[in-house]
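Colleague: Input: one structure, supplied below.
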Amino acid sequence: MQTKETVRVLVVEDEYILAINLQENLESLGYVVVDIADSAEAAIEKATELRPNLILMDIRLRGEMDGIQASEQIWHHLQIPVIYVTGHSDKRTVERATLTSPFGYILKPIKEQELYVAIQTALNRYDREQFLSSVLGGMGDGVIVVDLQLSIKYLNQVAEALTGWRWDEAKGRMLTEVIKLVDEETQIPAQNPIIAALQQETTIYLGSSVLLIARDGTTTLIADSATPLRNNSGVITGAVLVFRDDTQRRLTEERNLADERAQQTEIRVTELQRLNQLKEDFLATTSHEMRTPLSNIKMAISALENILDRQGILNSNALSPSEPVARYLSILREQCEQELDLVDNLLHIRMLDADVYPLELTSIQLQNWLPHVAEYFQERAGARQQTLQVSIPANLPPLVSDLASLTEIVSELLNNACKYTPPDEQITVDVQVIDTTKSLINKDAESGGLRNFQLPYFQITISNSGVMIPKQEQSRIFEPFYRIPQSDRWQHGGTGLGLALVKKLVEYLQGTIEVTSTQGWTTFIVQLPLNL
């Protein structure tokens, strides 16, 4: 609070003798009178020029403007406290003066002690209000105060910036006119927390996805809370809304979340790479370690068969292939070859995944090569009472591809067909060249038109009747080790890697493979480019 030695007072009184008397009283109390004005216009001018600490204002002044009007303008523009000095105490005058929120009201004739008390009380109140205003104005959050009728009583500078309303414009307006809130996702108007705070008589916090619509229509993501205001008796007199721009916090939160997800993804990728490397190392080591003893077992079986044959045991009339020795040797040989196939398939799949599978391109005449491959399966199909038909046009162009891979693909598909086709059913192999037309943008053409390109490819179709693959299983039969449920696995044998290897080989040759199963026929369609 300012001491009276430093308090500078402007006296506004149109009666000269009263003005001089008031000046003498003030100076006797230790205040400094900076000047005397005798009209409202002069009061505004001198207040602007001299910037006193306090103004003693007579209500009734000569001229068109009275003291109340002058006080209102001075407070609005200069924020200088005013004490009314008047001989009129009628109800109408007091009501008009009260509307301007004066800092005091002194009736004439003025007593020195009353004057001192009124001035010191006004200065104390002014200092407290200025302190509070400085605190609220310096806050980083917006502050809005309303009364019980939701009429705006105060806005600080941050609230002015966020809402687009100046305090002098918003003062007295309804809260809903100044503060407009909508849900961020639905754009539906959201309830103002001040209303809920007054209804529930407790602090209310706003949701995390609410937008404030400013006066110019721009939107800002805000976070806020509203609290009822109570007087000394605990009676609610209004409410205060404290809010802030929450955009940066949201961006920081989203950025941190993105960083956290990226880190988690990186950790998962690293772990997957580690597990994949462990798998590759395991397959490589296991495959090589298993192949050597299996090869030795196969050689031992062959040697044992030769010894038994020379001793006349295997070809003895007393022993047929169904007898124990021959049967056991057959089981050993078949199981050994099956495990060797498993190891070879694992090695091939690993090489394909690592993109190191060797390719040796050569020109292949399918009309000569395919019957040779099918010859073995012709005998096998005949032994099982199956019919194998191969249909190949004589004028096929050569296929440039890897012969070993192509042989593996066709052999595995024919092997499965013979394995699963019931007796008296059919197996068919069909080969044809198909041209497909693709439309590409001609970038060299001025018109930007389309050019058509003919892309020929080989289509090898292998079908067998009497067996169906359920539709829900067709997309999974190319997965490693996958077996169709309820299939007779033990009767047909196999490693479970054949079709997985076929698919990888076809794709390695830049082709496609698909399966269909309908009307009692299962068909595998392999499409390969004419030139790899």
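By order of appearance in the structure tokens: chains A, B, ..., then residues from 1 within every chain, and ligands from 1 in the order shown.
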DSSP on the backbone, then: every residue of segment 89-268 of chain A marked helix (DSSP H, G or I), written as a PyMOL selection string.
Modeller: chain A and resi 91-99+112-138+157-163+167-170+175-178+193-200+247-268
Colleague: Which residues in segment 25-148 of chain A does DSSP call strand (DSSP E or B)? List them as a PyMOL selection string.
Modeller: chain A and resi 32-37+39+54-58+62+82-86+104-107+142-147
Colleague: Just give me the gap between atom CA of Ile222 of chain A and atom CA of Lys153 of chain A in Å, one decimal is fine.
Modeller: 21.1 Å
Colleague: Work out how far atom CA of Val390 of chain A is from atom CA of Thr518 of chain A, in Å to one decimal.
Modeller: 20.8 Å
Colleague: Enter the distance from atom CA of Arg483 of chain A to atom CA of Leu497 of chain A, in Å, rounded to one decimal.
Modeller: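 Between atom CA of Arg483 of chain A and atom CA of Leu497 of chain A the gap is 9.8 Å.
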Colleague: Give the answer as one residue: which of A:Val94, A:Ile119, A:Glu339, A:Thr407 has the shortest atom-to-atom distance to Pro371 of chain A, using only C-alpha atoms?
Modeller: A:Thr407
Colleague: Measuring between only C-alpha atoms, which one of A:Asp245, A:Glu114, A:Glu177, A:Glu254 shows the shortest distance to Leu162 of chain A?
Modeller: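 Of all the options, A:Asp245 lies closest to Leu162 of chain A.
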Colleague: Which of these, A:Val433, A:Ile204, A:Val356, A:Ile349, has the shortest distance to Pro456 of chain A once you count only C-alpha atoms?
Modeller: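 Smallest separation from Pro456 of chain A among the options: A:Val433.
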Colleague: Measuring atom to atom with only C-alpha atoms, identify which of A:Gly312, A:Gly520, A:Gly207, A:Gly217 is nearest to Asn192 of chain A.
Modeller: A:Gly207
Colleague: Please provide as a PyMOL selection string all residues within 12 Å of segment 421-429 of chain A, with the sequence filter that same-chain residues fewer than 6 positions apart are discarded (counting only C-alpha atoms).
Modeller: chain A and resi 366-367+370-371+373-374+377-378+380-393+410-411+413-415+459-468+492+520-526
